[in-house]
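Student: Contents of input.txt (compact mmCIF, C-alpha atoms) are given next:
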# COMPACT_ATOMS: atom_id res chain seq x y z
CA MET A 1 -26.98 25.73 -0.98
CA GLY A 2 -26.09 28.84 1.03
CA ALA A 3 -22.47 29.80 1.47
CA ASN A 4 -22.54 29.16 5.18
CA LYS A 5 -24.30 25.83 4.87
CA LEU A 6 -21.76 24.72 2.30
CA ARG A 7 -18.88 25.74 4.51
CA ILE A 8 -20.39 23.94 7.52
CA THR A 9 -20.96 20.80 5.43
CA LEU A 10 -17.30 20.89 4.39
CA ILE A 11 -16.18 21.37 8.00
CA VAL A 12 -18.30 18.43 9.22
CA LEU A 13 -16.92 16.19 6.47
CA GLY A 14 -13.40 17.37 7.28
CA VAL A 15 -13.84 16.55 10.97
CA ILE A 16 -15.09 13.03 10.13
CA GLY A 17 -12.15 12.53 7.77
CA MET A 18 -9.74 13.84 10.38
CA ALA A 19 -11.15 11.39 12.94
CA ILE A 20 -10.60 8.47 10.56
CA ALA A 21 -7.07 9.60 9.71
CA SER A 22 -6.30 10.10 13.42
CA TYR A 23 -7.48 6.58 14.21
CA LEU A 24 -5.40 5.06 11.38
CA THR A 25 -2.35 7.10 12.41
CA TYR A 26 -2.80 6.00 16.01
CA ILE A 27 -3.05 2.29 15.17
CA HIS A 28 -0.04 2.61 12.89
CA TYR A 29 2.20 3.97 15.64
CA ALA A 30 0.65 1.87 18.42
CA GLU A 31 1.17 -1.18 16.18
CA ILE A 32 -2.33 -2.49 16.82
CA LYS A 33 -4.68 -3.99 14.30
CA PRO A 34 -7.49 -1.81 12.92
CA LEU A 35 -11.11 -2.70 13.55
CA CYS A 36 -12.13 -4.42 10.39
CA THR A 37 -15.36 -5.93 9.10
CA ALA A 38 -14.32 -7.50 5.79
CA GLY A 39 -11.98 -10.28 6.87
CA ASN A 40 -8.43 -9.11 7.24
CA SER A 41 -8.51 -6.65 4.36
CA CYS A 42 -7.88 -3.60 6.58
CA ILE A 43 -4.97 -5.30 8.27
CA LYS A 44 -3.61 -6.32 4.90
CA VAL A 45 -3.82 -2.77 3.57
CA GLN A 46 -2.53 -1.16 6.75
CA SER A 47 0.48 -3.44 6.93
CA SER A 48 1.25 -3.34 3.22
CA VAL A 49 4.24 -1.68 1.65
CA TYR A 50 1.87 1.04 0.36
CA SER A 51 0.90 2.14 3.85
CA LYS A 52 3.97 4.36 3.73
CA LEU A 53 5.15 6.80 1.10
CA ALA A 54 8.81 7.80 1.28
CA GLY A 55 8.87 6.37 4.80
CA VAL A 56 5.94 8.47 6.01
CA PRO A 57 2.71 6.61 6.94
CA VAL A 58 -0.03 7.62 4.50
CA ALA A 59 -2.44 7.81 7.46
CA LEU A 60 -0.31 10.61 8.92
CA MET A 61 -0.25 12.36 5.54
CA GLY A 62 -4.05 12.11 5.48
CA LEU A 63 -4.28 13.56 8.97
CA ILE A 64 -2.06 16.50 8.03
CA GLY A 65 -4.15 16.99 4.89
CA TYR A 66 -7.45 17.08 6.79
CA VAL A 67 -6.02 19.50 9.35
CA ALA A 68 -4.86 21.80 6.55
CA ILE A 69 -8.29 21.63 4.87
CA LEU A 70 -10.02 22.44 8.17
CA ILE A 71 -7.70 25.40 8.79
CA SER A 72 -8.53 26.74 5.32
CA LEU A 73 -12.24 26.45 6.19
CA LEU A 74 -12.05 27.91 9.69
CA ILE A 75 -10.06 31.08 9.00
CA PRO A 76 -11.93 34.18 7.71
CA GLN A 77 -13.06 33.31 4.19
CA SER A 78 -11.91 34.97 1.01
CA GLU A 79 -11.30 34.06 -2.60
CA ASN A 80 -7.86 32.78 -1.62
CA THR A 81 -9.05 30.58 1.25
CA ARG A 82 -11.67 29.04 -1.02
CA PHE A 83 -8.92 28.44 -3.55
CA ALA A 84 -6.76 26.83 -0.83
CA THR A 85 -9.63 24.55 0.26
CA MET A 86 -10.25 23.53 -3.32
CA ALA A 87 -6.56 22.90 -4.03
CA LEU A 88 -6.12 20.87 -0.82
CA THR A 89 -9.20 18.74 -1.41
CA LEU A 90 -8.09 18.13 -5.01
CA VAL A 91 -4.70 16.94 -3.77
CA GLY A 92 -6.42 14.78 -1.14
CA PHE A 93 -8.79 13.35 -3.73
CA ALA A 94 -5.93 12.50 -6.09
CA PHE A 95 -3.98 10.88 -3.26
CA SER A 96 -7.03 8.84 -2.24
CA ALA A 97 -7.54 7.81 -5.85
CA TYR A 98 -3.93 6.64 -6.01
CA LEU A 99 -4.31 4.66 -2.76
CA THR A 100 -7.57 3.11 -3.93
CA TYR A 101 -5.82 2.08 -7.15
CA ARG A 102 -3.11 0.42 -5.06
CA GLU A 103 -5.71 -1.32 -2.91
CA LEU A 104 -7.51 -2.69 -5.95
CA PHE A 105 -4.61 -3.59 -8.20
CA SER A 106 -1.54 -4.06 -5.99
CA ILE A 107 -2.76 -5.19 -2.57
CA HIS A 108 -6.00 -6.79 -3.79
CA ALA A 109 -7.85 -5.77 -0.64
CA ILE A 110 -10.04 -2.84 0.30
CA CYS A 111 -9.82 -1.17 3.68
CA GLU A 112 -13.17 0.26 4.78
CA TRP A 113 -11.54 3.11 6.67
CA CYS A 114 -9.56 4.17 3.62
CA ALA A 115 -12.58 3.76 1.34
CA THR A 116 -14.68 5.95 3.65
CA SER A 117 -11.98 8.60 3.71
CA ALA A 118 -11.73 8.44 -0.09
CA GLY A 119 -15.51 8.91 -0.33
CA ILE A 120 -15.40 11.89 2.03
CA LEU A 121 -12.59 13.50 0.06
CA THR A 122 -14.46 12.96 -3.19
CA ILE A 123 -17.53 14.77 -1.84
CA MET A 124 -15.36 17.50 -0.31
CA MET A 125 -13.50 17.99 -3.57
CA CYS A 126 -16.73 18.33 -5.59
CA LEU A 127 -18.23 20.77 -3.08
CA SER A 128 -15.11 22.88 -2.76
CA VAL A 129 -14.59 23.11 -6.55
CA TRP A 130 -18.20 24.21 -6.91
CA ARG A 131 -17.78 26.64 -4.02
CA PHE A 132 -14.64 28.14 -5.53
CA LEU A 133 -16.09 28.50 -9.01
CA ARG A 134 -19.30 30.15 -7.85
CA GLY A 135 -17.35 32.49 -5.56
CA ASP A 136 -19.36 32.63 -2.38
CA PRO A 137 -19.42 36.05 -0.78
CA ALA A 138 -17.80 36.22 2.64
CA PRO A 139 -19.84 38.67 4.69
CA ALA A 140 -17.78 38.33 7.85
CA SER A 141 -14.67 39.61 6.16
CA ALA A 142 -16.09 41.30 3.12
CA GLY A 143 -13.74 44.24 3.45
CA ALA A 144 -10.58 42.21 3.69
CA ALA A 145 -11.76 39.82 1.01
CA ALA A 146 -12.64 42.64 -1.30
CA ALA A 147 -9.24 44.23 -0.72
CA ALA A 148 -7.41 40.97 -1.37
CA ALA A 149 -9.57 39.94 -4.27
CA PRO A 150 -12.07 42.54 -5.42
CA GLU A 151 -13.91 39.98 -7.51
CA ALA A 152 -14.95 38.21 -4.34
CA SER A 153 -17.56 40.87 -3.73
CA ALA A 154 -18.83 40.78 -7.30
CA PRO A 155 -22.46 39.74 -7.62
CA LEU A 156 -21.47 36.35 -9.04
CA GLY A 157 -22.02 34.74 -5.69
CA THR A 158 -25.68 35.64 -5.78
CA ALA A 159 -26.20 33.89 -9.07
CA SER A 160 -27.23 30.66 -7.47
CA THR A 161 -29.33 32.13 -4.68
CA MET B 1 -44.66 72.98 -27.50
CA SER B 2 -42.81 73.07 -24.19
CA SER B 3 -44.33 69.79 -23.17
CA VAL B 4 -42.97 68.25 -26.39
CA GLU B 5 -39.50 69.59 -25.47
CA ASP B 6 -39.92 68.16 -21.98
CA ASP B 7 -40.83 64.80 -23.50
CA ALA B 8 -37.80 64.94 -25.76
CA ASP B 9 -35.60 65.85 -22.76
CA LEU B 10 -37.02 62.99 -20.75
CA THR B 11 -36.44 60.57 -23.58
CA ARG B 12 -32.83 61.79 -23.90
CA LYS B 13 -32.36 61.42 -20.15
CA GLN B 14 -33.95 58.00 -20.20
CA ARG B 15 -31.78 56.97 -23.13
CA ARG B 16 -28.65 58.20 -21.35
CA GLU B 17 -29.73 56.36 -18.22
CA GLN B 18 -30.50 53.25 -20.21
CA ALA B 19 -27.16 53.43 -22.01
CA ARG B 20 -25.41 53.86 -18.64
CA GLU B 21 -27.26 50.85 -17.26
CA GLU B 22 -26.38 48.80 -20.30
CA ARG B 23 -22.72 49.85 -20.07
CA LYS B 24 -22.71 49.01 -16.39
CA ALA B 25 -24.32 45.63 -17.02
CA LEU B 26 -21.81 44.95 -19.80
CA GLU B 27 -18.90 45.93 -17.55
CA GLN B 28 -20.25 43.73 -14.80
CA ALA B 29 -20.70 40.85 -17.20
CA GLU B 30 -17.16 41.35 -18.49
CA ALA B 31 -15.83 41.53 -14.93
CA ALA B 32 -17.74 38.39 -14.03
CA ASP B 33 -16.39 36.70 -17.13
CA ALA B 34 -12.85 37.74 -16.22
CA VAL B 35 -13.33 36.37 -12.70
CA ARG B 36 -14.73 33.13 -14.04
CA ARG B 37 -11.85 32.80 -16.48
CA LYS B 38 -9.36 33.51 -13.72
CA ARG B 39 -10.94 30.90 -11.47
CA MET B 40 -11.01 28.34 -14.25
CA THR B 41 -7.32 29.03 -14.95
CA ARG B 42 -6.42 28.58 -11.27
CA LEU B 43 -8.46 25.37 -11.13
CA GLY B 44 -6.78 24.16 -14.31
CA ILE B 45 -3.32 24.83 -12.90
CA VAL B 46 -4.11 22.93 -9.68
CA VAL B 47 -5.58 19.98 -11.61
CA ALA B 48 -2.51 19.88 -13.90
CA VAL B 49 -0.11 19.97 -10.93
CA VAL B 50 -2.07 17.23 -9.13
CA VAL B 51 -2.16 15.01 -12.24
CA VAL B 52 1.61 15.41 -12.70
CA ALA B 53 2.18 14.63 -9.01
CA VAL B 54 0.05 11.45 -9.21
CA VAL B 55 1.92 10.28 -12.31
CA VAL B 56 5.26 10.92 -10.57
CA VAL B 57 4.15 9.00 -7.46
CA LEU B 58 2.84 6.11 -9.58
CA ILE B 59 6.12 5.89 -11.48
CA ALA B 60 8.18 6.23 -8.30
CA THR B 61 6.25 3.56 -6.41
CA GLY B 62 5.45 1.34 -9.39
CA GLY B 63 8.87 -0.27 -9.15
CA SER B 64 8.34 -1.18 -5.54
CA SER B 65 5.00 -2.87 -6.08
CA ASN B 66 6.92 -6.02 -5.31
CA SER B 67 10.09 -5.62 -3.38
CA HIS B 68 11.75 -8.21 -5.55
CA THR B 69 11.27 -6.16 -8.67
CA ALA B 70 13.22 -3.41 -6.99
CA THR B 71 16.07 -5.85 -6.55
CA SER B 72 18.59 -5.10 -9.24
CA SER B 73 19.82 -7.84 -11.50
CA THR B 74 23.29 -7.40 -9.98
CA ALA B 75 21.86 -7.99 -6.50
CA LYS B 76 19.94 -11.03 -7.77
CA THR B 77 23.11 -12.46 -9.25
CA ALA B 78 24.96 -11.90 -5.98
CA THR B 79 22.10 -13.56 -4.02
CA GLU B 80 22.08 -16.54 -6.33
CA THR B 81 25.87 -16.89 -6.14
CA GLY B 82 25.62 -16.90 -2.33
CA ILE B 83 22.83 -19.50 -2.35
CA THR B 84 24.67 -21.71 -4.82
CA SER B 85 27.83 -21.65 -2.72
CA LEU B 86 25.76 -22.45 0.39
CA VAL B 87 23.97 -25.51 -0.98
CA SER B 88 26.12 -26.71 -3.88
CA GLY B 89 27.65 -30.10 -3.34
CA ILE B 90 25.03 -30.97 -0.71
CA PRO B 91 22.58 -33.69 -1.78
CA GLN B 92 18.96 -32.56 -2.24
CA SER B 93 15.97 -34.79 -2.62
CA GLY B 94 12.51 -33.24 -2.74
CA ASN B 95 12.15 -31.16 0.38
CA VAL B 96 15.28 -32.57 2.04
CA LEU B 97 18.69 -30.93 2.12
CA GLY B 98 21.51 -33.19 3.22
CA SER B 99 22.72 -36.74 2.99
CA PRO B 100 19.93 -39.32 3.11
CA THR B 101 22.05 -41.23 5.64
CA ALA B 102 22.63 -38.25 7.96
CA PRO B 103 22.14 -39.44 11.57
CA VAL B 104 20.16 -36.39 12.70
CA THR B 105 17.02 -34.91 11.13
CA LEU B 106 15.78 -31.38 11.58
CA VAL B 107 12.28 -30.54 10.33
CA TYR B 108 11.81 -26.85 9.57
CA PHE B 109 8.18 -25.70 9.37
CA GLY B 110 7.99 -22.45 7.46
CA ASP B 111 5.85 -20.09 5.46
CA LEU B 112 7.72 -18.57 2.54
CA GLU B 113 6.16 -15.17 3.26
CA CYS B 114 7.02 -15.27 6.96
CA PRO B 115 9.59 -12.58 7.84
CA VAL B 116 10.76 -14.44 10.96
CA CYS B 117 11.53 -17.47 8.78
CA ARG B 118 13.57 -15.14 6.62
CA GLU B 119 15.42 -13.99 9.72
CA PHE B 120 16.26 -17.62 10.49
CA THR B 121 17.05 -18.59 6.90
CA LEU B 122 19.47 -15.70 6.52
CA GLY B 123 20.59 -15.80 10.15
CA ALA B 124 21.30 -19.12 11.90
CA LEU B 125 20.60 -21.49 9.01
CA PRO B 126 23.73 -20.91 6.88
CA ALA B 127 25.97 -21.79 9.85
CA VAL B 128 23.88 -24.91 10.59
CA ILE B 129 24.18 -25.97 6.94
CA GLN B 130 27.93 -25.37 6.83
CA LYS B 131 28.67 -27.05 10.13
CA TRP B 132 26.26 -30.00 10.15
CA VAL B 133 24.60 -30.56 6.80
CA ARG B 134 27.70 -30.17 4.64
CA THR B 135 29.53 -32.62 6.87
CA GLY B 136 26.80 -35.23 6.44
CA LYS B 137 25.64 -35.24 10.05
CA LEU B 138 22.31 -33.50 9.58
CA LYS B 139 19.56 -33.40 7.01
CA ILE B 140 16.89 -30.71 7.00
CA GLU B 141 13.32 -31.21 5.81
CA TYR B 142 11.38 -28.11 4.82
CA ARG B 143 7.68 -28.34 5.57
CA SER B 144 4.83 -25.90 5.04
CA LEU B 145 2.80 -24.17 7.72
CA GLU B 146 0.72 -21.16 6.80
CA THR B 147 1.21 -18.19 9.10
CA ALA B 148 2.16 -14.86 7.51
CA THR B 149 0.61 -15.47 4.09
CA ARG B 150 -2.96 -15.53 5.45
CA GLU B 151 -4.32 -16.43 2.01
CA PRO B 152 -4.69 -20.20 1.67
CA GLU B 153 -4.71 -20.22 -2.13
CA VAL B 154 -1.62 -18.01 -2.42
CA PHE B 155 0.06 -20.07 0.28
CA LYS B 156 -0.64 -23.34 -1.50
CA THR B 157 0.54 -21.93 -4.84
CA GLN B 158 3.84 -20.62 -3.48
CA GLN B 159 4.63 -23.72 -1.39
CA VAL B 160 3.76 -26.01 -4.32
CA ALA B 161 6.04 -23.90 -6.53
CA ALA B 162 8.88 -24.66 -4.08
CA LEU B 163 7.99 -28.37 -3.97
CA ALA B 164 7.92 -28.44 -7.78
CA ALA B 165 11.52 -27.21 -7.77
CA GLY B 166 12.12 -30.10 -5.36
CA LYS B 167 11.08 -32.51 -8.13
CA GLN B 168 14.34 -31.43 -9.75
CA ASP B 169 16.17 -31.48 -6.40
CA LYS B 170 16.36 -27.69 -6.33
CA MET B 171 13.78 -26.88 -3.71
CA TRP B 172 16.34 -25.44 -1.36
CA ASN B 173 17.68 -23.11 -4.05
CA PHE B 174 14.10 -21.97 -4.62
CA ILE B 175 13.20 -21.38 -0.98
CA GLU B 176 16.52 -19.69 -0.24
CA THR B 177 15.91 -17.36 -3.21
CA PHE B 178 12.35 -16.73 -2.01
CA TYR B 179 13.47 -15.79 1.49
CA HIS B 180 16.33 -13.64 0.22
CA GLU B 181 14.00 -11.66 -2.03
CA GLN B 182 10.96 -11.81 0.25
CA GLY B 183 8.62 -8.82 -0.10
CA GLU B 184 6.76 -6.78 2.48
CA GLU B 185 4.32 -8.92 4.46
CA ASP B 186 0.69 -8.63 3.27
CA SER B 187 1.60 -6.51 0.27
CA GLY B 188 0.33 -9.13 -2.17
CA TYR B 189 3.72 -9.42 -3.87
CA VAL B 190 3.45 -13.15 -4.50
CA THR B 191 2.07 -13.21 -8.01
CA GLU B 192 2.57 -15.66 -10.84
CA LYS B 193 5.15 -13.27 -12.32
CA TYR B 194 7.03 -13.21 -9.03
CA LEU B 195 7.16 -17.02 -8.83
CA GLN B 196 8.26 -17.28 -12.46
CA GLU B 197 11.04 -14.78 -11.84
CA LEU B 198 12.22 -16.73 -8.80
CA ALA B 199 12.23 -19.97 -10.77
CA GLN B 200 14.24 -18.32 -13.54
CA GLN B 201 16.88 -17.40 -11.00
CA VAL B 202 17.41 -20.98 -9.83
CA PRO B 203 20.42 -22.21 -11.81
CA GLY B 204 19.72 -25.22 -13.96
CA LEU B 205 15.99 -25.44 -13.19
CA ASP B 206 14.04 -26.79 -16.15
CA LEU B 207 11.25 -24.22 -16.28
CA ALA B 208 8.97 -26.24 -18.52
CA LYS B 209 9.15 -29.25 -16.20
CA TRP B 210 8.75 -27.02 -13.15
CA THR B 211 5.60 -25.50 -14.66
CA THR B 212 4.15 -28.95 -15.43
CA ASP B 213 5.05 -30.32 -12.00
CA ARG B 214 3.27 -27.46 -10.25
CA SER B 215 -0.08 -28.91 -11.27
CA GLU B 216 0.66 -32.29 -9.70
CA PRO B 217 -1.99 -32.95 -7.04
CA ALA B 218 0.60 -34.81 -4.96
CA LEU B 219 2.40 -31.55 -4.23
CA ALA B 220 -0.75 -29.80 -3.02
CA ASN B 221 -1.45 -32.86 -0.89
CA GLN B 222 2.07 -32.61 0.50
CA VAL B 223 1.36 -29.02 1.63
CA ALA B 224 -1.86 -30.16 3.29
CA SER B 225 -0.16 -33.06 5.05
CA ASP B 226 2.66 -30.75 6.21
CA GLU B 227 0.07 -28.50 7.78
CA GLN B 228 -1.58 -31.48 9.42
CA ALA B 229 1.79 -32.59 10.78
CA ALA B 230 2.40 -29.10 12.17
CA SER B 231 -1.02 -29.12 13.75
CA ASN B 232 -0.36 -32.55 15.29
CA ALA B 233 2.87 -31.22 16.74
CA GLY B 234 0.94 -28.28 18.18
CA PHE B 235 2.73 -25.66 16.07
CA THR B 236 0.93 -22.40 15.32
CA GLY B 237 3.89 -20.18 14.46
CA THR B 238 6.80 -20.28 12.07
CA PRO B 239 9.59 -21.11 12.03
CA SER B 240 8.99 -24.18 14.19
CA PHE B 241 11.34 -27.11 14.49
CA LEU B 242 11.32 -30.82 15.20
CA ILE B 243 14.62 -32.56 15.76
CA GLY B 244 15.78 -36.09 16.50
CA LYS B 245 17.71 -39.07 15.33
CA SER B 246 16.89 -39.99 11.75
CA GLY B 247 14.23 -42.65 11.65
CA GLY B 248 13.42 -42.16 15.31
CA ALA B 249 10.92 -40.00 17.16
CA LEU B 250 11.36 -36.28 16.69
CA LYS B 251 10.80 -33.73 19.42
CA LYS B 252 10.17 -30.03 19.44
CA LEU B 253 13.16 -27.75 19.49
CA GLU B 254 11.91 -24.91 21.65
CA ASN B 255 12.89 -21.32 20.93
CA PRO B 256 16.37 -21.69 19.48
CA SER B 257 18.16 -18.48 18.54
CA LEU B 258 17.19 -17.66 14.98
CA THR B 259 20.21 -15.53 14.31
CA GLU B 260 22.94 -17.73 15.81
CA SER B 261 23.34 -21.48 15.42
CA SER B 262 24.21 -22.17 19.09
CA GLY B 263 20.79 -23.62 20.00
CA PHE B 264 20.90 -26.01 17.05
CA ASP B 265 24.58 -26.86 17.66
CA ALA B 266 23.92 -27.91 21.25
CA GLU B 267 20.97 -30.14 20.35
CA ILE B 268 22.72 -31.75 17.38
CA GLU B 269 25.85 -32.43 19.46
CA LYS B 270 23.69 -34.04 22.13
CA LEU B 271 21.92 -36.27 19.59
CA LEU B 272 25.20 -37.26 17.94
CA ALA B 273 26.77 -38.08 21.30
CA GLY B 274 23.73 -40.10 22.37
Rewrite the coordinates I just gave you, this time as structure tokens.

Tutor:
Amino acid sequence: MGANKLRITLIVLGVIGMAIASYLTYIHYAEIKPLCTAGNSCIKVQSSVYSKLAGVPVALMGLIGYVAILISLLIPQSENTRFATMALTLVGFAFSAYLTYRELFSIHAICEWCATSAGILTIMMCLSVWRFLRGDPAPASAGAAAAAAPEASAPLGTAST
Amino acid sequence: MSSVEDDADLTRKQRREQAREERKALEQAEAADAVRRKRMTRLGIVVAVVVVAVVVVLIATGGSSNSHTATSSTAKTATETGITSLVSGIPQSGNVLGSPTAPVTLVYFGDLECPVCREFTLGALPAVIQKWVRTGKLKIEYRSLETATREPEVFKTQQVAALAAGKQDKMWNFIETFYHEQGEEDSGYVTEKYLQELAQQVPGLDLAKWTTDRSEPALANQVASDEQAASNAGFTGTPSFLIGKSGGALKKLENPSLTESSGFDAEIEKLLAG
């Protein structure tokens, strides 16, 4: 997959994830019930004690996370931005994994919105780790990238093309 | 002769060129290796930090998986002391708190997981008990109506657990303890362990008998008939109340204050006067 295609895929996934997190944050603060297909499982998860961490709604944390990931993807790309994307998606993936664990073993209900977000973050994490390790060249800012991290312009990025 | 020298020169040049190419390729390979190693190190650091963070969060939130488990043993002792002083000396029989000959009966329809019931149980109820039940003028019947639990099986299990304590005339200690240590709605905190821990807190409850009694079909039937009674009365929310002279027809007590006993006081006074 080309560097640009990969980046666009990540952006699209990030936008979908951000939309889900925005919706869940909105319903949390508006105190309305989420649209739910599997019985009341979403409502159960959303109103559970685990819907907040240290008093902060996890939906809001997710929203902040997706925004941060999108910023790291939309600014001129370099080795460091790819590292940031990878680190952020890894954190998001771990957080989703923790929440899914809570859904399965503490709340005993699965929220489709959360599961979709967890799936998106899993794909984003895999793609961004791959992207970071292969070191995509960043033609738009090659100069700056090369100055910041000379290895970014090394021919490694062409290995998979 | 000169062409041989030329050939030798060319070979030397080619060799030098080849060596340069090889050196360059080697340097590039080493540089690529260094980059790869650096990236793997950075990835490893992030993964390690994330794993540590997840473990910390799991440990930090593990204790709050049920709000009651976060309740310290000191707090539990204080709760139990408060409950004991509230109901001790008052006759209990099954789901009834108060003298069997009390002239007024209040029926309290509740769901043990309902936070509004908790508000009432910790709010207006203690004053009602002190003023009317302790003095033998009122008896209160606790009946089941599923609202906040939203899981019929869990609801039946928890309400039967309370009724089983009632077989030892300790139902009110059990339900008071449940409401005092009630967890976050819909968090799935009502587990077998949770019910066992509640039962252990009820002073003098024979746990073996309580466990056996829980499987009595009569108790599950009692929950079902309570729900039917609530439905007949047109109740859909909890807490809901019926009040009247003992043995006579009971009527709905509409929207009494749940935090102050005034609404109950007025109705009970009226019934006693009439």

Student: Write out as a list of chain:residue names each polymer residue whose atoms come within 12 Å of B:Val49, counting only C-alpha atoms; drop sequence neighbours fewer than 3 positions from it.

Tutor: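 Listed by chain and then number, they are A:Ala87, A:Leu88, A:Leu90, A:Val91, A:Ala94, B:Arg42, B:Leu43, B:Gly44, B:Ile45, B:Val46, B:Val52, B:Ala53, B:Val54, B:Val55, B:Val56.
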
Student: I'd like the contact shell of stretch 53-65 of chain A - 12 Å cut-off, only C-alpha atoms, skipping same-chain residues fewer than 4 positions apart - returned as a ChimeraX atom specification.

Tutor: /A:14-29,45-49,69-72,84-85,87-96,98-99,113-114,117-118,120-121 /B:57-58,60-62,64

Student: Expressed in Å to a single decimal, how great is the separation between atom CA of B:Gly94 and atom CA of B:Asp169?

Tutor: 5.5 Å

Student: Around (-13.9, 25.8, 8.4), as given in the file, which residues come within 12 Å? Count all atoms listed in the file and list them as a PDB file with C-alpha atoms, in the coordinates of the input.

Tutor:
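Heads up, here's the output in point.pdb:
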ATOM      1  CA  ALA A   3     -22.470  29.800   1.470  1.00  0.00           C
ATOM      2  CA  ASN A   4     -22.540  29.160   5.180  1.00  0.00           C
ATOM      3  CA  LYS A   5     -24.300  25.830   4.870  1.00  0.00           C
ATOM      4  CA  LEU A   6     -21.760  24.720   2.300  1.00  0.00           C
ATOM      5  CA  ARG A   7     -18.880  25.740   4.510  1.00  0.00           C
ATOM      6  CA  ILE A   8     -20.390  23.940   7.520  1.00  0.00           C
ATOM      7  CA  THR A   9     -20.960  20.800   5.430  1.00  0.00           C
ATOM      8  CA  LEU A  10     -17.300  20.890   4.390  1.00  0.00           C
ATOM      9  CA  ILE A  11     -16.180  21.370   8.000  1.00  0.00           C
ATOM     10  CA  VAL A  12     -18.300  18.430   9.220  1.00  0.00           C
ATOM     11  CA  LEU A  13     -16.920  16.190   6.470  1.00  0.00           C
ATOM     12  CA  GLY A  14     -13.400  17.370   7.280  1.00  0.00           C
ATOM     13  CA  VAL A  15     -13.840  16.550  10.970  1.00  0.00           C
ATOM     14  CA  TYR A  66      -7.450  17.080   6.790  1.00  0.00           C
ATOM     15  CA  VAL A  67      -6.020  19.500   9.350  1.00  0.00           C
ATOM     16  CA  ALA A  68      -4.860  21.800   6.550  1.00  0.00           C
ATOM     17  CA  ILE A  69      -8.290  21.630   4.870  1.00  0.00           C
ATOM     18  CA  LEU A  70     -10.020  22.440   8.170  1.00  0.00           C
ATOM     19  CA  ILE A  71      -7.700  25.400   8.790  1.00  0.00           C
ATOM     20  CA  SER A  72      -8.530  26.740   5.320  1.00  0.00           C
ATOM     21  CA  LEU A  73     -12.240  26.450   6.190  1.00  0.00           C
ATOM     22  CA  LEU A  74     -12.050  27.910   9.690  1.00  0.00           C
ATOM     23  CA  ILE A  75     -10.060  31.080   9.000  1.00  0.00           C
ATOM     24  CA  PRO A  76     -11.930  34.180   7.710  1.00  0.00           C
ATOM     25  CA  GLN A  77     -13.060  33.310   4.190  1.00  0.00           C
ATOM     26  CA  SER A  78     -11.910  34.970   1.010  1.00  0.00           C
ATOM     27  CA  THR A  81      -9.050  30.580   1.250  1.00  0.00           C
ATOM     28  CA  ARG A  82     -11.670  29.040  -1.020  1.00  0.00           C
ATOM     29  CA  ALA A  84      -6.760  26.830  -0.830  1.00  0.00           C
ATOM     30  CA  THR A  85      -9.630  24.550   0.260  1.00  0.00           C
ATOM     31  CA  SER A 128     -15.110  22.880  -2.760  1.00  0.00           C
TER      32      SER A 128
END

Student: May I have the protein, DNA and RNA residues with any atom at most 7 Å from the point (13.7, -32.2, 1.1), counting only C-alpha atoms, written as a list in words?

Tutor: Gln92, Ser93, Gly94, Asn95, Val96, Leu97, Ile140, Glu141, Tyr142 and Gly166 of chain B

Student: Report, in Å with one decimal, the straight-line distance from atom CA of B:Leu138 to atom CA of B:Met171.

Tutor: 17.1 Å

Student: For chain A, which of B:Gly188, B:Gly89, B:Gly248, B:Gly204 is the closest residue, counting all atoms listed in the file?

Tutor: B:Gly188

Student: At what distance in Å, to one decimal, does atom CA of B:Leu253 lie from atom CA of B:Pro103?

Tutor: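 That distance, rounded to one decimal, is 16.7 Å.
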
Student: Using 7 Å as the limit and counting all atoms listed in the file, can you tabulate each residue of chain B that touches chain A, with its shortest atom-to-atom distance in Å and the two atoms involved, as JSON lines?

Tutor:
{"residue": "B:Ala32", "atom": "CA", "partner": "A:Leu156", "partner_atom": "CA", "distance": 6.6}
{"residue": "B:Val35", "atom": "CA", "partner": "A:Glu151", "partner_atom": "CA", "distance": 6.3}
{"residue": "B:Arg36", "atom": "CA", "partner": "A:Leu133", "partner_atom": "CA", "distance": 7.0}
{"residue": "B:Arg39", "atom": "CA", "partner": "A:Leu133", "partner_atom": "CA", "distance": 6.2}
{"residue": "B:Val46", "atom": "CA", "partner": "A:Ala87", "partner_atom": "CA", "distance": 6.2}
{"residue": "B:Val50", "atom": "CA", "partner": "A:Val91", "partner_atom": "CA", "distance": 6.0}
{"residue": "B:Val54", "atom": "CA", "partner": "A:Ala94", "partner_atom": "CA", "distance": 6.8}
{"residue": "B:Ser65", "atom": "CA", "partner": "A:Ser106", "partner_atom": "CA", "distance": 6.6}
{"residue": "B:Glu184", "atom": "CA", "partner": "A:Val49", "partner_atom": "CA", "distance": 5.7}
{"residue": "B:Glu185", "atom": "CA", "partner": "A:Ser48", "partner_atom": "CA", "distance": 6.5}
{"residue": "B:Asp186", "atom": "CA", "partner": "A:Lys44", "partner_atom": "CA", "distance": 5.1}
{"residue": "B:Ser187", "atom": "CA", "partner": "A:Ser48", "partner_atom": "CA", "distance": 4.3}
{"residue": "B:Gly188", "atom": "CA", "partner": "A:Ile107", "partner_atom": "CA", "distance": 5.0}

Student: Restrict the selected residues to C-alpha atoms and save them as a tab-separated table (two decimals), keeping the file's coordinate frame.

Tutor:
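again-v8.tsv, freshly written:
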chain	number	residue	atom	x	y	z
B	32	ALA	CA	-17.74	38.39	-14.03
B	35	VAL	CA	-13.33	36.37	-12.70
B	36	ARG	CA	-14.73	33.13	-14.04
B	39	ARG	CA	-10.94	30.90	-11.47
B	46	VAL	CA	-4.11	22.93	-9.68
B	50	VAL	CA	-2.07	17.23	-9.13
B	54	VAL	CA	0.05	11.45	-9.21
B	65	SER	CA	5.00	-2.87	-6.08
B	184	GLU	CA	6.76	-6.78	2.48
B	185	GLU	CA	4.32	-8.92	4.46
B	186	ASP	CA	0.69	-8.63	3.27
B	187	SER	CA	1.60	-6.51	0.27
B	188	GLY	CA	0.33	-9.13	-2.17
